[in-house]
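What follows is target_38.cif (mmCIF, C-alpha atoms and all ligand atoms).
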data_upload
loop_
_atom_site.label_atom_id
_atom_site.label_comp_id
_atom_site.auth_asym_id
_atom_site.auth_seq_id
_atom_site.Cartn_x
_atom_site.Cartn_y
_atom_site.Cartn_z
CA MET A 1 -110.36 -13.48 94.41
CA ALA A 2 -106.75 -13.79 95.58
CA GLU A 3 -104.12 -13.49 92.83
CA GLN A 4 -102.82 -16.89 91.66
CA TYR A 5 -99.13 -17.46 90.83
CA ASP A 6 -97.20 -20.54 89.79
CA ILE A 7 -94.41 -19.65 92.23
CA VAL A 8 -94.22 -17.23 95.16
CA ILE A 9 -90.73 -16.64 96.54
CA VAL A 10 -89.99 -15.39 100.04
CA GLY A 11 -86.72 -13.41 100.00
CA GLY A 12 -85.13 -10.89 97.66
CA GLY A 13 -81.55 -12.06 98.18
CA ILE A 14 -79.51 -13.59 95.37
CA HIS A 15 -81.28 -16.95 95.65
CA GLY A 16 -84.78 -15.47 95.61
CA VAL A 17 -84.11 -13.26 92.59
CA GLY A 18 -82.17 -16.07 90.88
CA VAL A 19 -85.16 -18.40 91.20
CA ALA A 20 -87.46 -15.59 90.00
CA GLN A 21 -85.32 -15.12 86.89
CA ALA A 22 -85.14 -18.85 86.13
CA ALA A 23 -88.88 -19.33 86.82
CA ALA A 24 -89.85 -16.43 84.56
CA ALA A 25 -87.49 -17.71 81.86
CA HIS A 26 -89.25 -21.09 82.03
CA GLY A 27 -92.56 -19.28 81.48
CA TYR A 28 -93.95 -19.45 85.03
CA SER A 29 -95.80 -16.61 86.75
CA VAL A 30 -93.83 -15.53 89.79
CA LEU A 31 -93.98 -13.09 92.69
CA VAL A 32 -91.06 -12.23 94.99
CA LEU A 33 -91.83 -11.00 98.52
CA GLU A 34 -89.00 -9.05 100.15
CA GLN A 35 -89.48 -7.62 103.62
CA GLY A 36 -86.84 -4.86 103.19
CA ASP A 37 -84.55 -3.95 100.29
CA LEU A 38 -83.25 -6.38 97.68
CA ALA A 39 -79.91 -7.76 98.94
CA GLY A 40 -80.61 -6.31 102.39
CA GLY A 41 -79.67 -9.67 103.99
CA THR A 42 -76.57 -11.78 103.39
CA SER A 43 -76.46 -11.05 99.67
CA GLY A 44 -75.31 -7.48 100.31
CA ARG A 45 -72.83 -8.46 103.04
CA SER A 46 -70.72 -11.12 101.37
CA SER A 47 -67.03 -10.99 100.44
CA LYS A 48 -68.20 -10.08 96.91
CA LEU A 49 -66.18 -12.79 95.22
CA ILE A 50 -67.37 -14.82 92.25
CA HIS A 51 -64.99 -17.67 92.75
CA GLY A 52 -64.46 -21.39 92.78
CA GLY A 53 -63.36 -21.23 96.41
CA LEU A 54 -59.73 -22.30 96.46
CA ARG A 55 -59.99 -23.22 100.13
CA TYR A 56 -62.85 -25.66 99.52
CA LEU A 57 -60.28 -27.91 97.82
CA GLU A 58 -58.79 -28.55 101.27
CA SER A 59 -62.03 -30.25 102.30
CA GLY A 60 -62.22 -32.19 99.00
CA ARG A 61 -65.25 -30.35 97.59
CA LEU A 62 -64.18 -30.74 93.98
CA ALA A 63 -67.71 -30.82 92.55
CA LEU A 64 -68.63 -27.55 94.28
CA VAL A 65 -65.42 -25.86 93.08
CA ALA A 66 -65.92 -27.10 89.51
CA GLU A 67 -69.56 -25.92 89.45
CA SER A 68 -68.54 -22.53 90.86
CA LEU A 69 -65.79 -22.11 88.26
CA ARG A 70 -68.25 -22.91 85.47
CA GLU A 71 -70.67 -20.32 86.85
CA ARG A 72 -67.82 -17.79 87.18
CA ALA A 73 -66.96 -18.27 83.48
CA LEU A 74 -70.61 -17.77 82.51
CA LEU A 75 -71.10 -14.67 84.69
CA LEU A 76 -67.95 -13.08 83.25
CA LYS A 77 -69.65 -13.38 79.86
CA LEU A 78 -73.20 -12.41 80.89
CA ALA A 79 -72.35 -9.62 83.34
CA PRO A 80 -69.02 -8.08 82.24
CA GLU A 81 -69.80 -4.76 83.98
CA LEU A 82 -70.70 -6.49 87.24
CA VAL A 83 -68.24 -9.38 87.46
CA ARG A 84 -64.58 -8.72 86.76
CA MET A 85 -61.42 -10.81 86.88
CA ARG A 86 -58.84 -9.67 89.45
CA SER A 87 -55.32 -10.73 90.33
CA PHE A 88 -55.17 -12.63 93.61
CA PHE A 89 -51.92 -12.93 95.58
CA PHE A 90 -51.19 -15.79 97.96
CA PRO A 91 -48.07 -14.96 100.02
CA ILE A 92 -46.38 -17.77 101.96
CA PHE A 93 -44.18 -16.91 104.93
CA ARG A 94 -41.93 -19.18 106.96
CA THR A 95 -44.70 -19.34 109.56
CA THR A 96 -47.59 -19.96 107.11
CA ARG A 97 -49.29 -23.29 107.85
CA ARG A 98 -49.92 -24.12 104.20
CA ARG A 99 -46.53 -24.91 102.63
CA PRO A 100 -45.60 -23.71 99.10
CA TRP A 101 -45.98 -27.21 97.66
CA GLN A 102 -49.48 -27.49 99.11
CA VAL A 103 -50.56 -24.15 97.69
CA ARG A 104 -48.97 -25.00 94.33
CA ALA A 105 -50.85 -28.32 94.32
CA GLY A 106 -54.12 -26.55 95.22
CA LEU A 107 -53.65 -23.94 92.50
CA SER A 108 -52.85 -26.69 89.97
CA VAL A 109 -56.11 -28.50 90.76
CA TYR A 110 -57.94 -25.14 90.67
CA ALA A 111 -56.47 -24.47 87.21
CA LEU A 112 -57.47 -27.95 86.03
CA LEU A 113 -61.04 -27.52 87.29
CA GLY A 114 -61.10 -24.09 85.63
CA GLY A 115 -60.45 -25.79 82.30
CA LEU A 116 -56.82 -24.65 82.03
CA ARG A 117 -58.00 -21.47 80.30
CA ALA A 118 -55.70 -18.42 80.45
CA ALA A 119 -57.79 -17.15 83.39
CA ALA A 120 -57.06 -20.36 85.30
CA ARG A 121 -53.26 -20.17 85.11
CA PHE A 122 -51.15 -19.17 88.09
CA GLN A 123 -47.54 -18.15 88.55
CA ARG A 124 -44.91 -17.34 91.13
CA VAL A 125 -44.30 -13.61 91.57
CA ASP A 126 -40.63 -12.83 90.96
CA ARG A 127 -38.89 -11.72 94.17
CA ARG A 128 -37.83 -8.48 92.42
CA ASP A 129 -41.53 -7.62 91.98
CA TRP A 130 -42.50 -8.02 95.64
CA LYS A 131 -42.09 -4.26 96.05
CA THR A 132 -45.11 -3.76 93.76
CA LEU A 133 -47.35 -5.62 96.24
CA ASP A 134 -48.90 -2.67 98.11
CA GLY A 135 -46.38 -2.66 100.97
CA LEU A 136 -46.84 -6.37 101.81
CA ASN A 137 -44.61 -7.34 104.74
CA THR A 138 -41.69 -9.23 103.15
CA SER A 139 -39.82 -10.33 106.28
CA ASP A 140 -39.78 -14.15 106.35
CA LEU A 141 -41.67 -14.15 103.03
CA GLU A 142 -40.80 -17.27 101.04
CA VAL A 143 -43.03 -17.28 97.96
CA VAL A 144 -45.91 -15.30 96.49
CA PHE A 145 -48.29 -17.01 94.07
CA ARG A 146 -50.52 -15.02 91.74
CA TYR A 147 -53.75 -16.40 90.29
CA GLN A 148 -57.01 -15.05 88.90
CA ASP A 149 -60.53 -14.98 90.32
CA ALA A 150 -63.47 -12.61 90.05
CA GLN A 151 -65.02 -9.83 92.15
CA THR A 152 -68.48 -8.30 91.97
CA ASP A 153 -70.80 -5.84 93.67
CA ASP A 154 -73.10 -8.36 95.35
CA ALA A 155 -76.03 -5.98 95.91
CA ALA A 156 -75.81 -4.60 92.36
CA LEU A 157 -75.69 -8.15 90.99
CA THR A 158 -78.81 -9.07 92.98
CA ARG A 159 -80.68 -6.02 91.67
CA ALA A 160 -79.57 -6.80 88.11
CA VAL A 161 -80.88 -10.37 88.33
CA MET A 162 -84.24 -9.07 89.65
CA ARG A 163 -84.44 -6.56 86.79
CA SER A 164 -83.78 -9.38 84.34
CA ALA A 165 -86.57 -11.41 85.99
CA GLU A 166 -88.94 -8.43 85.79
CA THR A 167 -88.32 -7.98 82.06
CA LEU A 168 -89.56 -11.58 81.70
CA GLY A 169 -92.71 -10.83 83.70
CA ALA A 170 -91.73 -11.61 87.31
CA GLN A 171 -93.24 -9.33 89.96
CA LEU A 172 -91.56 -7.91 93.04
CA ALA A 173 -93.36 -6.75 96.18
CA ALA A 174 -91.07 -4.81 98.55
CA PRO A 175 -91.32 -4.07 101.35
CA ALA A 176 -93.61 -7.06 101.69
CA ARG A 177 -93.32 -9.38 104.66
CA PHE A 178 -94.48 -12.98 104.32
CA SER A 179 -96.50 -13.84 107.44
CA ALA A 180 -98.31 -17.17 106.89
CA ALA A 181 -99.12 -19.96 104.47
CA ILE A 182 -101.62 -22.78 104.57
CA LEU A 183 -100.77 -25.80 102.46
CA THR A 184 -103.64 -27.28 100.44
CA ASP A 185 -103.73 -30.42 98.30
CA ASP A 186 -102.30 -28.69 95.27
CA GLY A 187 -100.60 -25.51 96.47
CA CYS A 188 -100.64 -22.87 99.18
CA GLU A 189 -102.58 -19.86 100.37
CA ILE A 190 -100.21 -17.10 101.33
CA GLU A 191 -100.55 -14.04 103.53
CA TYR A 192 -98.20 -11.10 103.62
CA ALA A 193 -98.10 -7.46 104.63
CA CYS A 194 -97.22 -4.95 101.93
CA ASN A 195 -96.61 -1.37 103.07
CA GLY A 196 -98.52 -2.21 106.25
CA ARG A 197 -101.56 -3.60 104.36
CA ALA A 198 -102.61 -7.25 104.71
CA GLU A 199 -102.51 -9.04 101.34
CA SER A 200 -103.04 -12.61 100.22
CA CYS A 201 -102.37 -14.72 97.15
CA CYS A 202 -102.21 -18.36 96.07
CA ALA A 203 -99.35 -20.32 94.54
CA ARG A 204 -98.66 -23.80 93.28
CA VAL A 205 -95.35 -23.62 95.09
CA LEU A 206 -93.79 -21.46 97.76
CA VAL A 207 -90.01 -21.09 97.53
CA ASN A 208 -88.45 -20.25 100.86
CA ALA A 209 -85.34 -18.25 99.93
CA ALA A 210 -85.20 -16.36 103.20
CA GLY A 211 -81.55 -17.21 103.90
CA PRO A 212 -80.89 -16.92 107.66
CA TRP A 213 -84.62 -16.38 108.23
CA ALA A 214 -85.56 -19.65 106.46
CA SER A 215 -86.44 -21.60 109.61
CA ARG A 216 -88.63 -18.69 110.82
CA VAL A 217 -90.49 -18.78 107.50
CA LEU A 218 -91.09 -22.54 107.92
CA ASP A 219 -92.53 -21.82 111.39
CA CYS A 220 -95.27 -19.74 109.70
CA ILE A 221 -96.45 -22.59 107.45
CA THR A 222 -99.34 -24.93 108.34
CA PRO A 223 -98.81 -27.85 108.47
CA ALA A 224 -95.15 -27.06 109.25
CA PRO A 225 -92.65 -28.78 106.91
CA VAL A 226 -89.72 -30.55 108.56
CA CYS A 227 -86.95 -28.06 109.28
CA ARG A 228 -83.29 -28.96 108.63
CA ALA A 229 -80.86 -28.63 111.56
CA VAL A 230 -78.73 -25.61 110.70
CA GLU A 231 -76.70 -23.05 112.55
CA LEU A 232 -76.02 -19.43 111.77
CA VAL A 233 -72.41 -18.26 111.64
CA GLN A 234 -71.67 -14.61 111.24
CA GLY A 235 -68.93 -13.27 109.00
CA ALA A 236 -67.72 -9.70 109.47
CA HIS A 237 -65.91 -7.32 107.13
CA ILE A 238 -64.28 -3.99 107.85
CA HIS A 239 -63.91 -1.30 105.21
CA VAL A 240 -60.75 0.69 105.85
CA ARG A 241 -59.25 3.84 104.35
CA GLY A 242 -56.47 3.35 101.79
CA ARG A 243 -56.55 1.29 98.62
CA LEU A 244 -54.56 -1.63 97.30
CA ASP A 245 -53.53 -1.35 93.66
CA ALA A 246 -52.11 -4.75 92.75
CA GLY A 247 -55.14 -6.92 93.55
CA ILE A 248 -56.70 -9.09 96.23
CA TYR A 249 -54.64 -10.85 98.92
CA TYR A 250 -55.46 -14.29 100.24
CA LEU A 251 -53.94 -14.36 103.72
CA GLU A 252 -53.70 -16.78 106.58
CA ALA A 253 -54.84 -15.16 109.85
CA PRO A 254 -51.90 -15.41 112.27
CA GLN A 255 -54.35 -16.06 115.12
CA ASP A 256 -55.88 -19.31 113.82
CA GLY A 257 -54.76 -19.99 110.25
CA ARG A 258 -58.15 -19.12 108.73
CA ALA A 259 -58.29 -17.58 105.26
CA VAL A 260 -58.83 -13.81 105.29
CA PHE A 261 -59.13 -11.68 102.14
CA VAL A 262 -57.84 -8.11 101.86
CA MET A 263 -59.30 -6.53 98.76
CA PRO A 264 -59.78 -3.21 97.02
CA TRP A 265 -63.36 -2.06 97.40
CA GLN A 266 -64.78 1.30 96.24
CA ASP A 267 -62.37 3.99 97.49
CA GLY A 268 -60.94 1.83 100.26
CA THR A 269 -60.08 -1.73 101.23
CA LEU A 270 -62.25 -4.53 102.54
CA VAL A 271 -60.90 -7.04 105.06
CA GLY A 272 -62.86 -10.18 105.89
CA THR A 273 -64.07 -12.41 107.16
CA THR A 274 -64.67 -13.97 110.56
CA GLU A 275 -66.67 -16.98 111.77
CA THR A 276 -68.67 -16.37 114.93
CA ARG A 277 -71.65 -18.49 116.00
CA PHE A 278 -74.87 -16.47 116.05
CA ASP A 279 -78.07 -17.18 117.97
CA GLY A 280 -80.19 -14.04 117.77
CA ASP A 281 -82.62 -12.47 115.33
CA PRO A 282 -80.94 -12.36 111.87
CA GLY A 283 -82.01 -8.73 111.54
CA ASP A 284 -79.82 -7.83 114.52
CA VAL A 285 -76.47 -9.13 113.23
CA ARG A 286 -73.66 -6.62 113.98
CA VAL A 287 -69.86 -6.65 113.81
CA LEU A 288 -68.46 -7.40 117.27
CA PRO A 289 -65.51 -5.44 118.70
CA GLU A 290 -63.43 -8.66 118.84
CA GLU A 291 -64.11 -9.30 115.14
CA ARG A 292 -62.98 -5.79 114.27
CA ASP A 293 -59.78 -6.31 116.31
CA TYR A 294 -59.15 -9.73 114.71
CA LEU A 295 -59.38 -8.26 111.19
CA LEU A 296 -57.25 -5.22 112.06
CA THR A 297 -54.58 -7.55 113.49
CA VAL A 298 -54.47 -9.48 110.18
CA LEU A 299 -54.19 -6.22 108.23
CA GLU A 300 -51.44 -4.84 110.47
CA GLN A 301 -49.48 -8.09 110.39
CA TYR A 302 -49.34 -8.26 106.59
CA PHE A 303 -49.49 -4.56 105.65
CA PRO A 304 -47.67 -2.81 108.52
CA GLY A 305 -47.78 0.68 106.97
CA PHE A 306 -51.43 0.52 105.98
CA PRO A 307 -53.83 3.10 107.48
CA SER A 308 -56.10 1.22 109.87
CA GLU A 309 -58.90 3.76 110.00
CA VAL A 310 -62.19 1.85 109.81
CA LEU A 311 -64.71 3.66 107.60
CA ASP A 312 -67.48 1.11 107.86
CA SER A 313 -68.17 -2.49 108.80
CA PHE A 314 -70.86 -5.06 108.11
CA ALA A 315 -71.69 -8.64 108.99
CA GLY A 316 -73.65 -11.36 107.19
CA LEU A 317 -74.89 -14.77 108.26
CA ARG A 318 -73.89 -18.11 106.76
CA VAL A 319 -76.45 -20.90 107.04
CA LEU A 320 -74.48 -24.09 107.68
CA PRO A 321 -75.52 -27.64 108.50
CA VAL A 322 -75.12 -28.38 112.19
CA GLY A 323 -71.86 -30.19 112.73
CA VAL A 324 -68.80 -30.62 114.85
CA GLY A 325 -65.32 -29.22 114.33
CA PRO A 326 -64.13 -25.92 112.90
CA VAL A 327 -66.75 -23.94 111.00
CA PHE A 328 -64.39 -23.29 108.07
CA ARG A 329 -64.28 -27.02 107.32
CA ARG A 330 -68.11 -27.24 107.24
CA SER A 331 -69.95 -27.83 103.92
CA ARG A 332 -70.72 -24.79 101.78
CA GLU A 333 -73.04 -26.87 99.61
CA THR A 334 -76.59 -25.67 98.88
CA PHE A 335 -79.37 -27.90 100.25
CA LEU A 336 -82.84 -27.95 98.71
CA ASP A 337 -85.57 -29.41 100.95
CA LEU A 338 -89.10 -30.25 99.81
CA ASP A 339 -92.14 -30.55 102.09
CA ARG A 340 -93.03 -33.81 100.28
CA ALA A 341 -91.42 -35.80 97.48
CA ALA A 342 -94.50 -36.12 95.26
CA GLY A 343 -95.94 -32.76 94.21
CA PRO A 344 -93.99 -30.49 96.59
CA ARG A 345 -95.67 -27.29 97.72
CA VAL A 346 -92.72 -25.79 99.59
CA LEU A 347 -89.06 -25.77 98.67
CA THR A 348 -86.49 -24.35 101.06
CA ILE A 349 -83.01 -23.23 100.00
CA TRP A 350 -80.36 -23.59 102.71
CA GLY A 351 -76.81 -22.20 102.53
CA GLY A 352 -75.09 -21.83 99.19
CA LYS A 353 -72.95 -19.27 97.44
CA LEU A 354 -73.51 -16.05 95.57
CA THR A 355 -71.39 -17.51 92.74
CA THR A 356 -73.71 -20.46 92.09
CA PHE A 357 -77.05 -18.64 92.29
CA ARG A 358 -77.94 -19.37 88.64
CA SER A 359 -77.21 -23.10 88.74
CA THR A 360 -79.01 -23.34 92.09
CA ALA A 361 -82.06 -21.60 90.61
CA GLU A 362 -82.13 -24.03 87.68
CA LYS A 363 -81.96 -26.97 90.13
CA VAL A 364 -84.88 -25.47 92.07
CA ILE A 365 -87.01 -25.28 88.93
CA ARG A 366 -86.14 -28.89 88.03
CA ARG A 367 -87.09 -30.08 91.53
CA LEU A 368 -90.44 -28.28 91.31
CA GLY A 369 -91.31 -29.45 87.80
CA ARG A 370 -93.95 -31.98 88.85
CA SER A 371 -95.88 -29.41 90.89
CA LEU A 372 -96.07 -26.85 88.12
CA PRO A 373 -98.32 -26.62 85.08
CA ALA A 374 -96.84 -27.00 81.58
CA ARG A 375 -95.56 -23.62 80.34
CA ILE A 376 -93.58 -22.50 77.31
CA ALA A 377 -90.07 -21.25 78.11
CA VAL A 378 -89.40 -17.69 76.96
CA ALA A 379 -85.65 -17.52 77.60
CA THR A 380 -82.73 -19.38 79.12
CA THR A 381 -80.61 -18.15 82.02
CA HIS A 382 -77.52 -19.35 80.11
CA THR A 383 -77.83 -16.40 77.78
CA LEU A 384 -79.63 -13.68 79.75
CA GLU A 385 -77.30 -10.70 80.07
CA LEU A 386 -77.10 -8.78 83.33
CA SER A 387 -76.21 -5.11 83.55
CA PRO A 388 -76.02 -2.51 86.32
CA SER A 389 -78.84 0.08 86.47
C1 LIG A 401 -69.64 -13.27 105.40
C2 LIG A 401 -70.05 -13.98 104.15
C3 LIG A 401 -69.25 -13.86 103.03
C4 LIG A 401 -69.62 -14.52 101.85
N1 LIG A 401 -68.85 -14.36 100.75
C5 LIG A 401 -69.20 -14.97 99.59
C6 LIG A 401 -68.42 -14.76 98.42
O1 LIG A 401 -67.46 -14.00 98.40
N2 LIG A 401 -68.80 -15.41 97.30
C7 LIG A 401 -69.87 -16.25 97.27
O2 LIG A 401 -70.11 -16.85 96.22
N3 LIG A 401 -70.65 -16.45 98.36
C8 LIG A 401 -70.34 -15.81 99.51
N4 LIG A 401 -71.12 -15.97 100.63
C9 LIG A 401 -72.37 -16.76 100.53
C10 LIG A 401 -73.51 -15.90 99.94
O3 LIG A 401 -73.36 -14.55 100.28
C11 LIG A 401 -74.85 -16.41 100.43
O4 LIG A 401 -74.96 -17.79 100.18
C12 LIG A 401 -76.02 -15.73 99.71
O5 LIG A 401 -75.88 -14.34 99.72
C13 LIG A 401 -77.32 -16.15 100.38
O6 LIG A 401 -78.36 -15.53 99.70
P1 LIG A 401 -79.87 -15.81 100.08
O7 LIG A 401 -80.68 -15.21 99.00
O8 LIG A 401 -80.06 -17.26 100.36
O9 LIG A 401 -80.09 -15.08 101.48
P2 LIG A 401 -80.21 -13.53 101.82
O10 LIG A 401 -79.36 -12.69 100.95
O11 LIG A 401 -79.99 -13.39 103.28
O12 LIG A 401 -81.71 -13.17 101.45
C14 LIG A 401 -82.80 -13.56 102.23
C15 LIG A 401 -83.82 -12.45 102.10
O13 LIG A 401 -85.05 -12.90 102.66
C16 LIG A 401 -85.72 -11.79 103.20
N5 LIG A 401 -86.74 -12.27 104.13
C17 LIG A 401 -86.53 -12.99 105.26
N6 LIG A 401 -87.71 -13.25 105.88
C18 LIG A 401 -88.68 -12.69 105.09
C19 LIG A 401 -90.10 -12.61 105.18
N7 LIG A 401 -90.78 -13.15 106.22
N8 LIG A 401 -90.79 -11.95 104.21
C20 LIG A 401 -90.13 -11.39 103.16
N9 LIG A 401 -88.79 -11.42 103.03
C21 LIG A 401 -88.05 -12.07 103.97
C22 LIG A 401 -84.60 -11.01 103.86
O14 LIG A 401 -84.95 -9.65 104.07
C23 LIG A 401 -83.46 -11.19 102.87
O15 LIG A 401 -83.35 -10.10 101.96
C24 LIG A 401 -70.79 -15.32 101.82
C25 LIG A 401 -71.59 -15.44 102.95
C26 LIG A 401 -71.24 -14.75 104.11
C27 LIG A 401 -72.10 -14.84 105.31
#
Could you express the structure from this file as structure tokens?
Amino acid sequence: MAEQYDIVIVGGGIHGVGVAQAAAAHGYSVLVLEQGDLAGGTSGRSSKLIHGGLRYLESGRLALVAESLRERALLLKLAPELVRMRSFFFPIFRTTRRRPWQVRAGLSVYALLGGLRAAARFQRVDRRDWKTLDGLNTSDLEVVFRYQDAQTDDAALTRAVMRSAETLGAQLAAPARFSAAILTDDGCEIEYACNGRAESCCARVLVNAAGPWASRVLDCITPAPVCRAVELVQGAHIHVRGRLDAGIYYLEAPQDGRAVFVMPWQDGTLVGTTETRFDGDPGDVRVLPEERDYLLTVLEQYFPGFPSEVLDSFAGLRVLPVGVGPVFRRSRETFLDLDRAAGPRVLTIWGGKLTTFRSTAEKVIRRLGRSLPARIAVATTHTLELSPS
């Protein structure tokens, strides 16, 4: 007889492993199917920031920023070796579109939402200290603000969450590719291929955490649940030789005013990101030559003496609701869709942030409550520590 689980999750990115951890903590039996490596999709190709998202204040997303800052505070406690506070610098030049008063106002709101803790405070960098800023171009520089936010290793964080889930009894099958599901009255029958062998199992609920592949997963379900209208937008990073010492820089791209981060990463520096519409197979996403040039131009503009030798580059895919206007103004909210309101059998996670994976996972479990049997919780994700391998 096919193995029976409370929850089967498609996708071993941060959302899939986050839901596995929360589900196992609530006492449910759970299996994660990952077609490649954990964090092999977007969750290993992000900007690696655990942050409130200062720029989301511009589009009035106060609730998202506040939730993210709460999750940041929790992750700093639960995963001190994986999530670390860093100094962020926001330089404002005569040509910068955002004026000093606007940035000051944004940072004040950010500090308020961060609970006015020491980590939330910001200050102006004294002009005499500009020379300590890694060779930042100071011609036409008016003001530099310094604030705090956090950085992580996104792939290591994803693996740590899966390990935590496994210690609570969750199972991982990888490489295991989900291929089909048939919805029944009270659950689903699932087919997947593990190491080339056809396997099947049953679940009360299927969680579709396949990120940019989510609509393809829905296509394999009978009867097919309604699919949200989303578009994929690729974000590229380049990893260049040479390291910044002072911290992470929040810059305005001279080409279009978008936010670009320049940050220390491993032995070099990471520069990202871009926003390019993507139509192909998510497995084929690659950094385009024009994205590489765009990011190098930002680096050269702000750090003229910096070596621009590209060591590596990678691109990930954002899943955003279809909309009009510039992509960077589009919602970064997480959407949770059910196949039916009463007794859902499929839940799909669209979009979202690395930072809010834990709170998203808890929302998923709450939304699925009525489809799942009563179980006794064995832990709470509020207190489960995460550590690197
Ligand atoms: C460029 C960029 C930068 C970002 N920077 C940040 C940041 O700094 N901070 C932040 O908080 N957020 C950031 N985000 C957002 C964050 O990275 C994503 O929201 C998050 O990683 C999405 O995780 P996921 O688990 O939903 O998807 P993914 O990580 O893409 O995981 C989906 C997984 O599903 C698997 N899969 C797909 N189909 C199947 C199948 N049929 N069978 C089995 N497995 C399957 C894939 O192999 C993949 O591993 C960024 C996003 C992008 C694109």
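Closest approach to ligand LIG 401 (chain A) from the set A:Arg358, A:His237, A:His382, A:Arg61 is made by A:His237, with distances taken over all atoms listed in the file.
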Which residues are near ligand LIG 401 (chain A) - at most 6 Å, using all atoms listed in the file? Format: as an NGL selection string.
:A and (10-16 or 33-36 or 38-43 or 46-50 or 176-179 or 209-213 or 217 or 234-236 or 273 or 316-318 or 351-355)
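Minimum atom-to-atom distance to Trp350 in chain A, evaluated using only C-alpha atoms, belongs to A:Ala214 out of A:Leu107, A:Ala174, A:Ala214, A:Met263.
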Interatomic distance (Å, one decimal) between CA of Val17 in chain A and CA of Arg55 in chain A
27.2 Å
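CA of Pro344 in chain A lies 24.7 Å from CA of Ala193 in chain A.
Taking CA of Ile92 in chain A and CA of Thr297 in chain A as endpoints, the distance between them is 17.5 Å.
Minimum distance to Pro373 in chain A across A:Pro264, A:Pro254, A:Pro388, A:Gly343 (counting all atoms listed in the file) occurs at A:Gly343.
With distances restricted to all atoms listed in the file, A:Pro80 is the closest residue to Asp153 in chain A from A:Gln4, A:His26, A:Pro80, A:Asp256.
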Start from the incomplete input, build all heavy atoms for range 298-302 of chain A, and deliver everything as a short mmCIF file (atom, residue, chain, number, x, y, z; two decimals), keeping the file's coordinate frame.
data_model
loop_
_atom_site.label_atom_id
_atom_site.label_comp_id
_atom_site.auth_asym_id
_atom_site.auth_seq_id
_atom_site.Cartn_x
_atom_site.Cartn_y
_atom_site.Cartn_z
N VAL A 298 -54.91 -8.84 111.43
CA VAL A 298 -54.47 -9.48 110.18
C VAL A 298 -53.90 -8.40 109.25
O VAL A 298 -52.80 -8.54 108.69
CB VAL A 298 -55.64 -10.21 109.48
CG1 VAL A 298 -55.20 -10.78 108.14
CG2 VAL A 298 -56.19 -11.32 110.37
N LEU A 299 -54.64 -7.29 109.13
CA LEU A 299 -54.19 -6.22 108.23
C LEU A 299 -52.83 -5.68 108.67
O LEU A 299 -51.92 -5.51 107.85
CB LEU A 299 -55.25 -5.10 108.23
CG LEU A 299 -55.00 -3.95 107.26
CD1 LEU A 299 -55.07 -4.42 105.82
CD2 LEU A 299 -56.02 -2.83 107.47
N GLU A 300 -52.69 -5.42 109.96
CA GLU A 300 -51.44 -4.84 110.47
C GLU A 300 -50.27 -5.80 110.33
O GLU A 300 -49.14 -5.39 110.06
CB GLU A 300 -51.61 -4.40 111.93
CG GLU A 300 -52.34 -3.05 112.02
CD GLU A 300 -53.10 -2.84 113.32
OE1 GLU A 300 -52.80 -3.58 114.30
OE2 GLU A 300 -54.02 -1.99 113.35
N GLN A 301 -50.54 -7.08 110.51
CA GLN A 301 -49.48 -8.09 110.39
C GLN A 301 -48.91 -8.13 108.97
O GLN A 301 -47.72 -8.20 108.76
CB GLN A 301 -50.08 -9.47 110.75
CG GLN A 301 -49.30 -10.66 110.28
CD GLN A 301 -48.29 -11.12 111.32
OE1 GLN A 301 -48.36 -10.70 112.48
NE2 GLN A 301 -47.34 -11.94 110.91
N TYR A 302 -49.80 -8.09 107.97
CA TYR A 302 -49.34 -8.26 106.59
C TYR A 302 -49.05 -6.94 105.87
O TYR A 302 -48.26 -6.91 104.94
CB TYR A 302 -50.39 -9.06 105.78
CG TYR A 302 -50.44 -10.50 106.22
CD1 TYR A 302 -51.47 -10.98 107.03
CD2 TYR A 302 -49.43 -11.39 105.85
CE1 TYR A 302 -51.50 -12.30 107.44
CE2 TYR A 302 -49.46 -12.72 106.25
CZ TYR A 302 -50.50 -13.17 107.05
OH TYR A 302 -50.52 -14.48 107.45
#
